[in-house]
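Engineer: Sharing data-v3.txt below, compact mmCIF, C-alpha atoms:
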```
# COMPACT_ATOMS: atom_id res chain seq x y z
CA MET A 1 21.63 -3.73 34.30
CA GLY A 2 23.77 -5.46 31.67
CA THR A 3 27.46 -6.32 32.05
CA ALA A 4 29.95 -4.65 29.71
CA VAL A 5 32.13 -7.06 27.74
CA THR A 6 35.22 -6.55 25.61
CA LEU A 7 35.39 -7.39 21.92
CA GLU A 8 37.58 -10.42 22.66
CA GLN A 9 35.03 -11.73 25.15
CA ALA A 10 32.15 -11.23 22.70
CA LEU A 11 33.97 -13.10 19.92
CA ALA A 12 34.98 -15.90 22.29
CA ALA A 13 31.34 -16.29 23.39
CA MET A 14 30.47 -16.84 19.72
CA LYS A 15 33.13 -19.61 19.64
CA VAL A 16 35.32 -17.73 17.16
CA PRO A 17 38.79 -19.40 16.92
CA ALA A 18 41.54 -17.67 18.91
CA ASP A 19 43.67 -16.89 15.86
CA VAL A 20 40.69 -15.24 14.15
CA ILE A 21 39.97 -13.19 17.28
CA LYS A 22 43.57 -12.00 17.28
CA SER A 23 43.36 -11.01 13.62
CA ILE A 24 40.12 -9.07 14.13
CA THR A 25 41.33 -7.22 17.19
CA GLN A 26 44.51 -6.21 15.39
CA GLN A 27 42.47 -4.77 12.48
CA VAL A 28 40.18 -2.79 14.74
CA ASP A 29 42.61 -1.31 17.22
CA GLN A 30 40.09 1.34 18.17
CA LEU A 31 37.97 -1.35 19.77
CA SER A 32 40.67 -3.49 21.33
CA GLY A 33 40.19 -3.81 25.05
CA LYS A 34 37.28 -1.36 25.09
CA PRO A 35 33.87 -2.47 26.36
CA ILE A 36 31.00 -2.93 23.90
CA ASN A 37 27.87 -1.05 24.94
CA SER A 38 25.43 -3.17 26.90
CA TYR A 39 22.68 -0.69 26.01
CA HIS A 40 22.26 1.74 23.14
CA GLU A 41 19.38 4.07 22.30
CA GLU A 42 18.87 6.64 19.56
CA SER A 43 15.95 8.21 17.75
CA SER A 44 15.01 10.38 14.79
CA LYS A 45 12.01 12.48 13.76
CA ASN A 46 10.69 13.45 10.36
CA TYR A 47 8.61 16.58 9.88
CA GLY A 48 6.33 17.67 7.07
CA THR A 49 4.03 20.61 6.40
CA ASN A 50 2.04 20.94 3.18
CA GLN A 51 0.00 23.95 2.11
CA ALA A 52 -2.07 23.94 -1.07
CA ALA A 53 -4.42 26.16 -3.05
CA GLU A 54 -6.56 24.76 -5.85
CA ILE A 55 -9.07 25.90 -8.43
CA PHE A 56 -11.17 23.55 -10.53
CA ILE A 57 -14.00 23.38 -13.03
CA ASP A 58 -16.02 20.36 -14.14
CA GLY A 59 -19.11 19.99 -16.28
CA THR A 60 -21.15 17.82 -18.62
CA TYR A 61 -22.57 18.82 -22.00
CA LYS A 62 -25.37 16.85 -23.64
CA LEU A 63 -24.44 16.35 -27.30
CA THR A 64 -27.66 14.40 -27.91
CA SER A 65 -30.32 12.92 -25.66
CA ALA A 66 -28.15 9.81 -25.25
CA LEU A 67 -24.60 11.09 -25.79
CA ALA A 68 -22.81 13.26 -23.21
CA LEU A 69 -19.35 14.80 -22.95
CA THR A 70 -17.78 15.45 -19.53
CA ALA A 71 -14.66 17.56 -19.02
CA GLY A 72 -12.83 18.78 -15.94
CA LEU A 73 -9.65 20.66 -15.03
CA ARG A 74 -7.93 21.32 -11.70
CA ALA A 75 -4.93 23.61 -11.12
CA SER A 76 -2.88 23.37 -7.91
CA TYR A 77 -0.17 25.28 -6.08
CA GLU A 78 1.66 23.54 -3.24
CA HIS A 79 4.26 24.69 -0.74
CA GLN A 80 6.00 21.84 1.07
CA VAL A 81 8.36 21.94 4.02
CA GLY A 82 10.24 18.82 5.10
CA GLY A 83 12.36 18.40 8.20
CA TYR A 84 14.58 15.96 10.08
CA ARG A 85 16.14 15.75 13.52
CA SER A 86 18.34 13.20 15.24
CA ASP A 87 20.31 14.07 18.36
CA VAL A 88 23.54 12.53 19.59
CA SER A 89 22.92 9.29 21.45
CA ALA A 90 23.40 9.46 25.22
CA GLN A 91 25.19 6.10 24.89
CA PRO A 92 27.73 6.71 22.07
CA SER A 93 28.23 3.59 19.97
CA ILE A 94 31.75 2.19 19.84
CA PHE A 95 30.99 0.67 16.42
CA GLY A 96 29.54 3.95 15.15
CA MET A 97 32.61 5.89 16.29
CA MET A 98 34.90 3.39 14.60
CA MET A 99 33.04 3.11 11.27
CA ASN A 100 31.86 6.65 10.59
CA GLY A 101 32.95 8.78 13.53
CA SER A 102 29.37 9.11 14.76
CA ALA A 103 27.90 8.37 18.15
CA ASN A 104 24.82 6.99 16.37
CA LEU A 105 24.50 3.66 14.59
CA MET A 106 21.37 4.13 12.44
CA ASN A 107 20.31 7.77 12.38
CA PRO A 108 22.66 10.46 11.01
CA ILE A 109 23.16 13.26 13.56
CA SER A 110 21.59 16.57 12.49
CA ASN A 111 22.68 18.93 15.29
CA GLY A 112 19.13 20.16 15.77
CA LYS A 113 16.17 20.34 13.43
CA ILE A 114 17.00 20.91 9.76
CA THR A 115 14.44 21.82 7.08
CA ALA A 116 14.07 22.34 3.36
CA SER A 117 11.16 23.61 1.28
CA GLY A 118 9.85 23.47 -2.27
CA ASP A 119 7.03 24.88 -4.41
CA TYR A 120 5.01 22.99 -7.02
CA LEU A 121 2.58 24.12 -9.72
CA SER A 122 0.55 21.45 -11.51
CA TRP A 123 -2.67 20.55 -13.26
CA VAL A 124 -4.84 17.44 -13.62
CA GLY A 125 -7.91 16.86 -15.74
CA ARG A 126 -10.28 14.42 -17.38
CA LEU A 127 -12.30 13.98 -20.55
CA ALA A 128 -15.07 11.38 -20.82
CA LEU A 129 -17.72 10.42 -23.37
CA ASN A 130 -20.68 8.20 -22.51
CA TYR A 131 -23.63 6.86 -24.46
CA MET A 132 -26.84 5.69 -22.77
CA PHE A 133 -29.23 3.20 -24.36
CA LYS A 134 -32.13 1.77 -22.35
CA ARG A 135 -30.55 0.84 -19.00
CA ASN A 136 -27.00 0.51 -20.32
CA ASN A 137 -24.02 2.85 -20.45
CA ILE A 138 -21.01 2.71 -22.79
CA TYR A 139 -18.14 5.04 -21.90
CA VAL A 140 -14.56 5.99 -22.71
CA SER A 141 -12.35 8.34 -20.72
CA ALA A 142 -8.86 9.81 -20.55
CA SER A 143 -7.35 11.64 -17.60
CA ARG A 144 -4.17 13.04 -16.12
CA GLY A 145 -3.49 12.47 -12.44
CA ARG A 146 -0.76 13.56 -10.08
CA ARG A 147 0.84 12.54 -6.80
CA PRO A 148 2.67 15.41 -5.00
CA GLY A 149 6.44 15.58 -4.95
CA VAL A 150 8.47 14.47 -1.94
CA ILE A 151 11.07 16.42 0.04
CA LEU A 152 13.43 14.05 1.87
CA VAL A 153 15.74 15.81 4.32
CA LEU A 154 18.92 14.23 5.71
CA PRO A 155 22.05 15.93 7.10
CA ALA A 156 24.20 14.97 4.11
CA LYS A 157 21.73 15.98 1.38
CA VAL A 158 18.22 17.06 0.53
CA THR A 159 16.33 15.02 -2.08
CA LYS A 160 13.38 16.54 -3.94
CA LEU A 161 11.44 13.96 -5.91
CA GLN A 162 9.38 15.11 -8.85
CA PRO A 163 5.59 14.75 -8.68
CA GLU A 164 4.33 11.41 -9.92
CA ILE A 165 2.28 11.84 -13.11
CA ILE A 166 -0.17 9.26 -14.41
CA TYR A 167 -2.07 9.19 -17.68
CA SER A 168 -5.03 6.83 -17.59
CA TYR A 169 -7.36 5.55 -20.28
CA GLU A 170 -10.49 3.49 -19.68
CA ALA A 171 -13.37 2.05 -21.69
CA GLY A 172 -16.29 -0.03 -20.54
CA ILE A 173 -19.92 -0.94 -20.58
CA LYS A 174 -22.34 -1.59 -17.73
CA GLY A 175 -26.05 -1.91 -17.24
CA VAL A 176 -29.08 -4.10 -16.60
CA VAL A 177 -30.65 -6.57 -19.06
CA ALA A 178 -33.20 -9.39 -19.15
CA ASN A 179 -35.93 -7.31 -17.48
CA GLY A 180 -33.68 -6.49 -14.54
CA ILE A 181 -32.70 -10.07 -13.80
CA LEU A 182 -29.07 -9.66 -14.85
CA SER A 183 -26.79 -6.70 -14.11
CA TYR A 184 -23.26 -6.51 -15.45
CA ASP A 185 -20.18 -4.35 -15.84
CA LEU A 186 -17.08 -4.81 -17.97
CA SER A 187 -14.14 -2.45 -18.29
CA ALA A 188 -10.54 -2.29 -19.50
CA TYR A 189 -7.95 0.33 -18.58
CA TYR A 190 -4.36 1.34 -19.13
CA TYR A 191 -2.24 3.52 -16.81
CA ASP A 192 1.09 5.11 -17.75
CA TRP A 193 3.25 6.40 -14.86
CA ASN A 194 6.10 8.89 -15.00
CA HIS A 195 8.35 9.50 -11.96
CA PHE A 196 6.74 6.54 -10.18
CA GLN A 197 7.32 6.96 -6.43
CA THR A 198 8.32 3.97 -4.35
CA THR A 199 10.79 3.06 -1.59
CA THR A 200 14.23 1.65 -2.23
CA LEU A 201 17.04 0.44 0.03
CA GLN A 202 19.67 3.18 -0.05
CA THR A 203 23.03 3.84 1.58
CA VAL A 204 22.79 6.78 3.97
CA GLU A 205 25.81 8.83 4.98
CA GLY A 206 26.16 8.71 8.76
CA SER A 207 24.34 5.37 9.13
CA LEU A 208 25.90 1.91 9.33
CA ALA A 209 22.85 0.24 7.73
CA PRO A 210 21.05 1.05 4.46
CA GLN A 211 17.52 2.40 4.87
CA TYR A 212 14.26 2.31 2.93
CA LEU A 213 13.72 5.81 1.58
CA ALA A 214 11.33 7.41 -0.90
CA ASP A 215 12.63 7.29 -4.45
CA ASP A 216 11.60 8.23 -7.97
CA ALA A 217 11.53 4.88 -9.77
CA GLY A 218 11.01 6.34 -13.22
CA LYS A 219 8.39 4.80 -15.52
CA ALA A 220 5.78 2.10 -14.96
CA HIS A 221 2.54 0.91 -16.52
CA THR A 222 -0.61 -1.06 -15.78
CA PHE A 223 -3.08 -2.86 -17.99
CA GLY A 224 -6.17 -4.30 -16.38
CA VAL A 225 -9.64 -5.67 -16.93
CA GLU A 226 -12.56 -5.95 -14.52
CA ALA A 227 -15.87 -7.77 -14.83
CA GLY A 228 -18.86 -8.24 -12.56
CA LEU A 229 -22.20 -10.05 -12.75
CA ARG A 230 -25.25 -10.26 -10.53
CA TYR A 231 -28.07 -12.69 -11.35
CA SER A 232 -31.38 -12.28 -9.52
CA PRO A 233 -33.96 -14.77 -10.81
CA VAL A 234 -36.33 -13.93 -7.94
CA ARG A 235 -36.56 -10.92 -5.64
CA CYS A 236 -35.25 -12.71 -2.53
CA PHE A 237 -32.29 -14.49 -4.12
CA SER A 238 -29.25 -13.40 -6.11
CA ILE A 239 -25.81 -14.69 -7.07
CA PHE A 240 -22.90 -12.38 -7.73
CA GLY A 241 -19.32 -12.62 -8.92
CA ASN A 242 -16.46 -10.24 -9.68
CA TYR A 243 -13.11 -10.74 -11.38
CA SER A 244 -10.11 -8.45 -11.83
CA SER A 245 -6.78 -8.91 -13.60
CA ILE A 246 -4.02 -6.32 -13.16
CA ASP A 247 -0.68 -6.40 -14.96
CA GLY A 248 1.17 -3.59 -13.18
CA LYS A 249 4.93 -3.50 -13.72
CA PHE A 250 7.95 -1.21 -13.90
CA ASN A 251 9.19 -0.45 -17.41
CA ASP A 252 12.55 -1.76 -18.57
CA THR A 253 13.97 1.77 -18.89
CA ASP A 254 13.24 5.21 -17.46
CA GLU A 255 12.40 8.30 -19.51
CA ASN A 256 16.11 8.81 -20.25
CA GLY A 257 16.57 5.28 -21.57
CA ASN A 258 18.46 4.05 -18.49
CA ALA A 259 17.81 0.55 -17.20
CA GLN A 260 15.61 0.56 -14.08
CA GLU A 261 16.51 -1.34 -10.93
CA TYR A 262 13.06 -2.92 -10.70
CA ALA A 263 12.55 -3.48 -14.45
CA GLY A 264 9.76 -6.01 -15.01
CA ASN A 265 8.88 -6.24 -11.30
CA ARG A 266 5.27 -6.15 -10.17
CA PHE A 267 3.94 -3.39 -7.95
CA ARG A 268 3.85 -4.09 -4.22
CA LEU A 269 0.48 -5.08 -2.71
CA THR A 270 -0.94 -5.67 -6.22
CA PRO A 271 -2.17 -9.21 -6.93
CA LYS A 272 -2.36 -10.15 -10.61
CA ASN A 273 -5.71 -11.87 -10.23
CA THR A 274 -8.58 -11.45 -7.77
CA PHE A 275 -12.11 -12.73 -7.74
CA SER A 276 -15.04 -12.97 -5.37
CA ALA A 277 -18.38 -14.76 -5.45
CA GLY A 278 -21.32 -15.11 -3.15
CA ILE A 279 -25.01 -15.56 -2.55
CA ASP A 280 -27.51 -13.08 -1.16
CA LEU A 281 -30.58 -14.83 0.25
CA ASP A 282 -33.26 -12.74 1.97
CA VAL A 283 -36.52 -14.67 2.46
CA PRO A 284 -39.65 -13.21 4.11
CA VAL A 285 -41.17 -15.55 6.70
CA SER A 286 -44.03 -13.25 7.64
CA LYS A 287 -45.27 -9.74 6.89
CA THR A 288 -42.82 -8.28 9.43
CA ALA A 289 -39.90 -10.73 9.48
CA ALA A 290 -37.30 -12.18 7.15
CA VAL A 291 -34.31 -14.48 7.40
CA TYR A 292 -31.09 -13.80 5.50
CA PHE A 293 -27.97 -15.75 4.62
CA ARG A 294 -25.01 -14.19 2.77
CA PRO A 295 -21.97 -16.45 2.28
CA SER A 296 -19.06 -15.19 0.17
CA TYR A 297 -15.60 -16.26 -0.94
CA SER A 298 -12.75 -14.02 -2.13
CA TYR A 299 -9.37 -14.94 -3.60
CA LYS A 300 -6.23 -13.02 -4.48
CA SER A 301 -3.08 -14.32 -6.18
CA GLN A 302 0.48 -13.78 -4.95
CA VAL A 303 1.24 -10.40 -3.38
CA TYR A 304 4.69 -8.85 -2.98
CA PHE A 305 5.22 -6.52 -0.04
CA GLU A 306 8.17 -4.71 -1.61
CA ASP A 307 8.72 -3.48 -5.16
CA SER A 308 11.95 -5.51 -5.15
CA ASN A 309 9.69 -8.62 -5.47
CA ARG A 310 11.60 -10.72 -2.96
CA GLU A 311 10.01 -14.12 -2.59
CA ASP A 312 10.68 -14.20 1.15
CA LEU A 313 8.66 -10.98 1.49
CA SER A 314 5.57 -12.15 -0.34
CA GLN A 315 2.29 -13.94 0.31
CA PRO A 316 1.25 -16.80 -2.02
CA GLY A 317 -2.29 -16.77 -3.36
CA TYR A 318 -5.05 -17.54 -0.87
CA GLY A 319 -8.82 -17.35 -0.42
CA LEU A 320 -11.07 -16.39 2.48
CA ALA A 321 -14.63 -17.47 3.21
CA ASN A 322 -17.05 -15.26 5.15
CA PHE A 323 -20.74 -15.24 5.98
CA THR A 324 -23.53 -13.40 7.74
CA ALA A 325 -26.87 -14.92 8.70
CA GLY A 326 -29.77 -13.94 10.88
CA LEU A 327 -33.38 -12.97 11.48
CA ARG A 328 -34.66 -9.44 10.87
CA MET A 329 -38.03 -8.19 12.23
CA HIS A 330 -40.05 -4.96 11.78
CA PRO A 331 -43.00 -5.04 14.17
CA ARG A 332 -44.74 -1.67 13.94
CA ASN A 333 -42.16 1.11 14.46
CA TRP A 334 -39.49 -1.14 15.98
CA TYR A 335 -36.60 -2.96 14.35
CA TYR A 336 -34.99 -6.12 15.72
CA GLU A 337 -32.18 -8.22 14.35
CA ILE A 338 -30.29 -11.20 15.71
CA GLY A 339 -27.65 -13.02 13.74
CA ALA A 340 -24.22 -14.54 13.40
CA PHE A 341 -21.16 -13.75 11.34
CA GLY A 342 -17.98 -15.48 10.34
CA LYS A 343 -14.72 -14.12 8.95
CA ASN A 344 -12.07 -16.44 7.54
CA VAL A 345 -14.24 -19.35 8.63
CA PHE A 346 -11.73 -21.99 7.45
CA ASP A 347 -8.96 -20.31 9.48
CA LYS A 348 -6.61 -19.71 6.57
CA LYS A 349 -3.16 -18.55 7.69
CA TYR A 350 -1.75 -15.62 5.70
CA ILE A 351 0.21 -12.40 6.13
CA ILE A 352 -0.77 -8.84 5.21
CA ASP A 353 2.63 -7.16 5.55
CA ALA A 354 6.32 -8.11 5.63
CA GLY A 355 9.74 -6.49 5.70
CA ASN A 356 9.41 -3.02 7.21
CA SER A 357 12.26 -1.26 9.00
CA GLY A 358 13.46 -4.49 10.62
CA ASP A 359 14.53 -5.74 7.20
CA THR A 360 17.28 -3.09 7.07
CA ILE A 361 19.19 -5.03 9.71
CA GLY A 362 18.30 -8.48 8.40
CA LEU A 363 15.37 -9.03 10.75
CA PRO A 364 12.19 -8.50 8.65
CA THR A 365 8.91 -8.35 10.53
CA PHE A 366 5.75 -10.18 9.43
CA VAL A 367 2.17 -9.14 10.19
CA GLY A 368 -0.36 -11.95 10.21
CA GLY A 369 -3.88 -11.62 8.83
CA SER A 370 -6.96 -12.11 10.94
CA ARG A 371 -7.59 -15.68 12.04
CA CYS A 372 -11.04 -17.29 12.12
CA ILE A 373 -13.63 -15.14 13.88
CA ILE A 374 -17.15 -16.39 14.62
CA GLY A 375 -19.55 -14.15 16.48
CA VAL A 376 -23.14 -13.27 17.22
CA MET A 377 -24.83 -9.90 17.06
CA ALA A 378 -28.07 -8.26 18.12
CA LYS A 379 -29.59 -4.96 17.01
CA ILE A 380 -32.60 -2.95 18.08
CA GLY A 381 -33.89 0.29 16.67
CA PHE A 382 -36.95 2.52 16.53
```
Translate this file's structure into C-alpha cells.

Structural biologist:
Amino acid sequence: MGTAVTLEQALAAMKVPADVIKSITQQVDQLSGKPINSYHEESSKNYGTNQAAEIFIDGTYKLTSALALTAGLRASYEHQVGGYRSDVSAQPSIFGMMMNGSANLMNPISNGKITASGDYLSWVGRLALNYMFKRNNIYVSASRGRRPGVILVLPAKVTKLQPEIIYSYEAGIKGVVANGILSYDLSAYYYDWNHFQTTTLQTVEGSLAPQYLADDAGKAHTFGVEAGLRYSPVRCFSIFGNYSSIDGKFNDTDENGNAQEYAGNRFRLTPKNTFSAGIDLDVPVSKTAAVYFRPSYSYKSQVYFEDSNREDLSQPGYGLANFTAGLRMHPRNWYYEIGAFGKNVFDKKYIIDAGNSGDTIGLPTFVGGSRCIIGVMAKIGF
C-alpha cells in the first residue's frame, strides 16, 4: 500500500525551490495540504454495432475474341450504432477535480452507457477493359471505393464522420514471353481520396490529456508503380524480383479550399519504396527426392507510424534476409520433408509500431520487430 503525500512534499521530493513551492501552492489552493492519490484507476468502453444490406451485379462482355469489358456495381445500406461508457473513478482524482471538476483524469464521465446511431446509403463500382494477345494481358480500369462512416460518441458531443470515398485508376501489362522463360508484370495507378479517415490528437472535454480520435482528414492522393520479374532459364531454377514505389500524401487543401493539418505528409505505415529479390532452387536428386533452397531479401524505406510524420515515431529504411532449405521425398504414397528456415538471419533491429495511447501522456510505446529466428522442421504425409 502506498503512502499519501501532500503537494508540498511531492514538489520538495522533486527538489523544487521553496519559493516556487510556495507560489504553486498559493495558486492551487484547492490542493494545498490535501494528499495526492497514491493510486488511481479508471476505465472506458467503446461500443459499436453495424448492420448492412447489399445488392450487387458484375459481369464481363466479350467485345472481340481478344478484347473484353468488365463492369460491376454494388449498392449498400448501413445502420450503425456507436456507444461509450466511463464510470466515476472509485479513487477520485484531486487533479481532475481541480482542473475540470471531474473525478476522472483521462476518460470523460458518461453517467452510464450513451449511444448514437446513423444510416448510410452508398454505391461502389468498377469498369475495366483488357486485351489479350498470346500469353499477355493489357488492361485499364477505373473504380469507386468506399470506407464506411464513423460514429464517435463522447459525453460532450457526437461526431459522425462521412464515408471515405476513393476513386482509383490503373493501367498495366503482364504476361509470359521468351517461350515461358520470363514472366513479368508492370502497372501504374492513381488514387484520389475524399474524406480521408485517420486519427488526430484532439482536445476532449472532461479529459486532462488530448486523445487520438478518428477524424476526417479531407483529401489525399496516391500515385504508384509496381514491377515484377521472374526468370527461369531451367525448370529447377528461377530468380525473381519485385519493386514498388508509392507516393501517398495528404493534399494541401481540403474540398473547401482550407489548409489541411497534415498537408504534404505521407500516409502512416506506407514506405515510399519497397523491393524484394530471391532465388528458387529445386533440384531433383533421384526419381523420388529433391533438395530445395530459397533465399530472399526484402527492403522497405522509411515508415511513419502516425500521419503527423513525427521523426521520433518512425522507422528508417531497413532490409531483412530469410531462407528455407531442405530435402523433400515422395516414396510411393508417402511424403517426407526435413529442412531448416531462417527469418531475419542477420538479426536486424527494427520496430513495427510506435506511439499508441502512451504518446498522449508523453510516454510513447515502441513495438520491436522479430529478431533472428533459425529453426528446423519435419513433415510427413500420406

Engineer: Could you list, as JSON, numbers by chain, every residue within 10 Å of Trp334 in chain A, counting all atoms listed in the file and ignoring same-chain residues fewer than 3 positions away?

Structural biologist: {"A": [329, 330, 331, 380, 381, 382]}

Engineer: Compile the contact shell of Gly125 in chain A as a list in words: residues with an atom at most 8 Å away, counting all atoms listed in the file, same-chain residues fewer than 5 positions apart removed.

Structural biologist: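 The residues satisfying every condition are Ala71, Gly72, Leu73, Arg74, Ser143, Arg144 and Gly145 of chain A.
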
Engineer: For the residues in that selection, give me C-alpha atoms as a short mmCIF file (atom, residue, chain, number, x, y, z; two decimals), in the frame of the given file.

Structural biologist:
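Output saved as result-v1.cif:
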```
data_model
loop_
_atom_site.label_atom_id
_atom_site.label_comp_id
_atom_site.auth_asym_id
_atom_site.auth_seq_id
_atom_site.Cartn_x
_atom_site.Cartn_y
_atom_site.Cartn_z
CA ALA A 71 -14.66 17.56 -19.02
CA GLY A 72 -12.83 18.78 -15.94
CA LEU A 73 -9.65 20.66 -15.03
CA ARG A 74 -7.93 21.32 -11.70
CA SER A 143 -7.35 11.64 -17.60
CA ARG A 144 -4.17 13.04 -16.12
CA GLY A 145 -3.49 12.47 -12.44
#
```

Engineer: Which residues of range 103-153 of chain A come within 9 Å of range 163-168 of chain A, and what is each one's closest atom pair and distance in Å (one decimal), counting all atoms listed in the file, sorted by chain and residue number, as a tab-separated table?

Structural biologist:
```
residue	atom	partner	partner_atom	distance
A:Tyr120	CA	A:Pro163	CA	8.4
A:Ser122	CA	A:Pro163	CA	8.8
A:Ser141	CA	A:Ser168	CA	8.1
A:Ala142	CA	A:Ser168	CA	5.7
A:Ser143	CA	A:Ser168	CA	5.3
A:Arg144	CA	A:Tyr167	CA	4.7
A:Gly145	CA	A:Ile166	CA	5.0
A:Arg146	CA	A:Ile165	CA	4.6
A:Arg147	CA	A:Glu164	CA	4.8
A:Pro148	CA	A:Pro163	CA	4.7
A:Gly149	CA	A:Pro163	CA	3.9
A:Val150	CA	A:Pro163	CA	7.3
```

Engineer: Based on the selection just made, write C-alpha atoms of those residues as a PDB file, keeping the file's coordinate frame.

Structural biologist:
```pdb
ATOM      1  CA  TYR A 120       5.010  22.990  -7.020  1.00  0.00           C
ATOM      2  CA  SER A 122       0.550  21.450 -11.510  1.00  0.00           C
ATOM      3  CA  SER A 141     -12.350   8.340 -20.720  1.00  0.00           C
ATOM      4  CA  ALA A 142      -8.860   9.810 -20.550  1.00  0.00           C
ATOM      5  CA  SER A 143      -7.350  11.640 -17.600  1.00  0.00           C
ATOM      6  CA  ARG A 144      -4.170  13.040 -16.120  1.00  0.00           C
ATOM      7  CA  GLY A 145      -3.490  12.470 -12.440  1.00  0.00           C
ATOM      8  CA  ARG A 146      -0.760  13.560 -10.080  1.00  0.00           C
ATOM      9  CA  ARG A 147       0.840  12.540  -6.800  1.00  0.00           C
ATOM     10  CA  PRO A 148       2.670  15.410  -5.000  1.00  0.00           C
ATOM     11  CA  GLY A 149       6.440  15.580  -4.950  1.00  0.00           C
ATOM     12  CA  VAL A 150       8.470  14.470  -1.940  1.00  0.00           C
TER      13      VAL A 150
END
```

Engineer: Which residues, written as number ranges by chain, have at least one atom at most 7 Å from Gly118 in chain A, with only C-alpha atoms counted and residues fewer than 6 positions away on the same chain left out?

Structural biologist: A: 79-81

Engineer: How would the residues just chosen look if you wrote them out with C-alpha atoms as a short mmCIF file (atom, residue, chain, number, x, y, z; two decimals), in the coordinates of the input?

Structural biologist:
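File produced: result-v3.cif:
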```
data_model
loop_
_atom_site.label_atom_id
_atom_site.label_comp_id
_atom_site.auth_asym_id
_atom_site.auth_seq_id
_atom_site.Cartn_x
_atom_site.Cartn_y
_atom_site.Cartn_z
CA HIS A 79 4.26 24.69 -0.74
CA GLN A 80 6.00 21.84 1.07
CA VAL A 81 8.36 21.94 4.02
#
```

Engineer: Between CA of Ala289 in chain A and CA of Tyr336 in chain A, what is the spacing in Å?

Structural biologist: 9.2 Å

Engineer: Would you pick out the contacts of Gly112 in chain A at 9 Å or less, using all atoms listed in the file, so that residues sharing its chain but fewer than 6 positions from it are not included, and give the list as a ChimeraX atom specification?

Structural biologist: /A:84-87

Engineer: Nearest to Ile351 in chain A among A:Asp185, A:Glu226, A:Asp215, A:Asp312, with distances taken over all atoms listed in the file: which residue is it?

Structural biologist: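 Answer, going by the shortest atom-to-atom distance: A:Asp312.
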
Engineer: Using all atoms listed in the file, which residue out of A:Ser183, A:Ser117, A:Ser357, A:Ser296 lies closest to Gly228 in chain A?

Structural biologist: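 Under the stated criterion, the closest residue is A:Ser183.
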
Engineer: Suppose you want the space between CA of Asn137 in chain A and CA of Leu229 in chain A; what is it in Å?

Structural biologist: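 Separating CA of Asn137 in chain A from CA of Leu229 in chain A is a distance of 15.1 Å.
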
Engineer: Measure the distance from CA of Ala90 in chain A to CA of Val153 in chain A in Å and round it to one decimal.

Structural biologist: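 Distance reported for this atom pair: 23.1 Å.
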
Engineer: Find the spatial neighbours of Lys348 in chain A, counting only C-alpha atoms, within a cut-off of 8 Å - ignore same-chain residues fewer than 2 positions away - and output them as a VMD selection string.

Structural biologist: chain A and resid 318 to 320 344 to 346 350 371 to 372

Engineer: Per residue of range 222-299 of chain A within 8 Å of range 304-309 of chain A, what are the shortest atom pair and its distance in Å to one decimal, counting all atoms listed in the file, with rows by chain and residue number, as CSV?

Structural biologist:
```
residue,atom,partner,partner_atom,distance
A:Tyr262,CA,A:Ser308,CA,6.2
A:Asn265,CA,A:Asn309,CA,6.3
A:Arg266,CA,A:Asp307,CA,6.6
A:Phe267,CA,A:Asp307,CA,5.5
A:Arg268,CA,A:Tyr304,CA,5.0
A:Leu269,CA,A:Phe305,CA,5.6
A:Thr270,CA,A:Tyr304,CA,7.2
A:Pro271,CA,A:Tyr304,CA,7.9
```

Engineer: With only C-alpha atoms as the atoms that count, which of A:Ile246, A:Ile114, A:Ile173, A:Ile151 lies nearest to Tyr191 in chain A?

Structural biologist: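 With only C-alpha atoms as the atom set, the closest residue is A:Ile246.
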
Engineer: Which is closest to Thr199 in chain A among A:Tyr212, A:Glu311, A:Arg328, A:Ser232, if we use all atoms listed in the file?

Structural biologist: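 Between A:Tyr212, A:Glu311, A:Arg328, A:Ser232, the residue approaching Thr199 in chain A most closely is A:Tyr212.
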
Engineer: For the structure just given, write the atoms of range 186-196 of chain A, namely N, CA and C atoms, as a tab-separated table (two decimals), in the first residue's frame.

Structural biologist:
```
chain	number	residue	atom	x	y	z
A	186	LEU	N	3.81	-5.16	-64.97
A	186	LEU	CA	4.11	-3.73	-64.81
A	186	LEU	C	2.80	-2.98	-64.74
A	187	SER	N	2.65	-2.14	-63.73
A	187	SER	CA	1.40	-1.39	-63.58
A	187	SER	C	1.67	-0.02	-62.97
A	188	ALA	N	0.76	0.91	-63.25
A	188	ALA	CA	0.78	2.24	-62.65
A	188	ALA	C	-0.63	2.56	-62.20
A	189	TYR	N	-0.77	3.30	-61.11
A	189	TYR	CA	-2.10	3.59	-60.59
A	189	TYR	C	-2.13	4.96	-59.92
A	190	TYR	N	-3.33	5.48	-59.82
A	190	TYR	CA	-3.56	6.75	-59.14
A	190	TYR	C	-4.83	6.63	-58.31
A	191	TYR	N	-4.75	7.02	-57.03
A	191	TYR	CA	-5.91	7.00	-56.13
A	191	TYR	C	-6.20	8.43	-55.67
A	192	ASP	N	-7.48	8.77	-55.63
A	192	ASP	CA	-7.92	10.09	-55.18
A	192	ASP	C	-8.91	9.91	-54.04
A	193	TRP	N	-8.54	10.35	-52.83
A	193	TRP	CA	-9.37	10.17	-51.64
A	193	TRP	C	-10.15	11.45	-51.30
A	194	ASN	N	-11.38	11.25	-50.87
A	194	ASN	CA	-12.18	12.32	-50.30
A	194	ASN	C	-12.66	11.87	-48.92
A	195	HIS	N	-12.62	12.78	-47.95
A	195	HIS	CA	-12.97	12.48	-46.55
A	195	HIS	C	-12.05	11.39	-46.01
A	196	PHE	N	-10.75	11.51	-46.27
A	196	PHE	CA	-9.78	10.52	-45.82
A	196	PHE	C	-9.85	10.39	-44.30
```
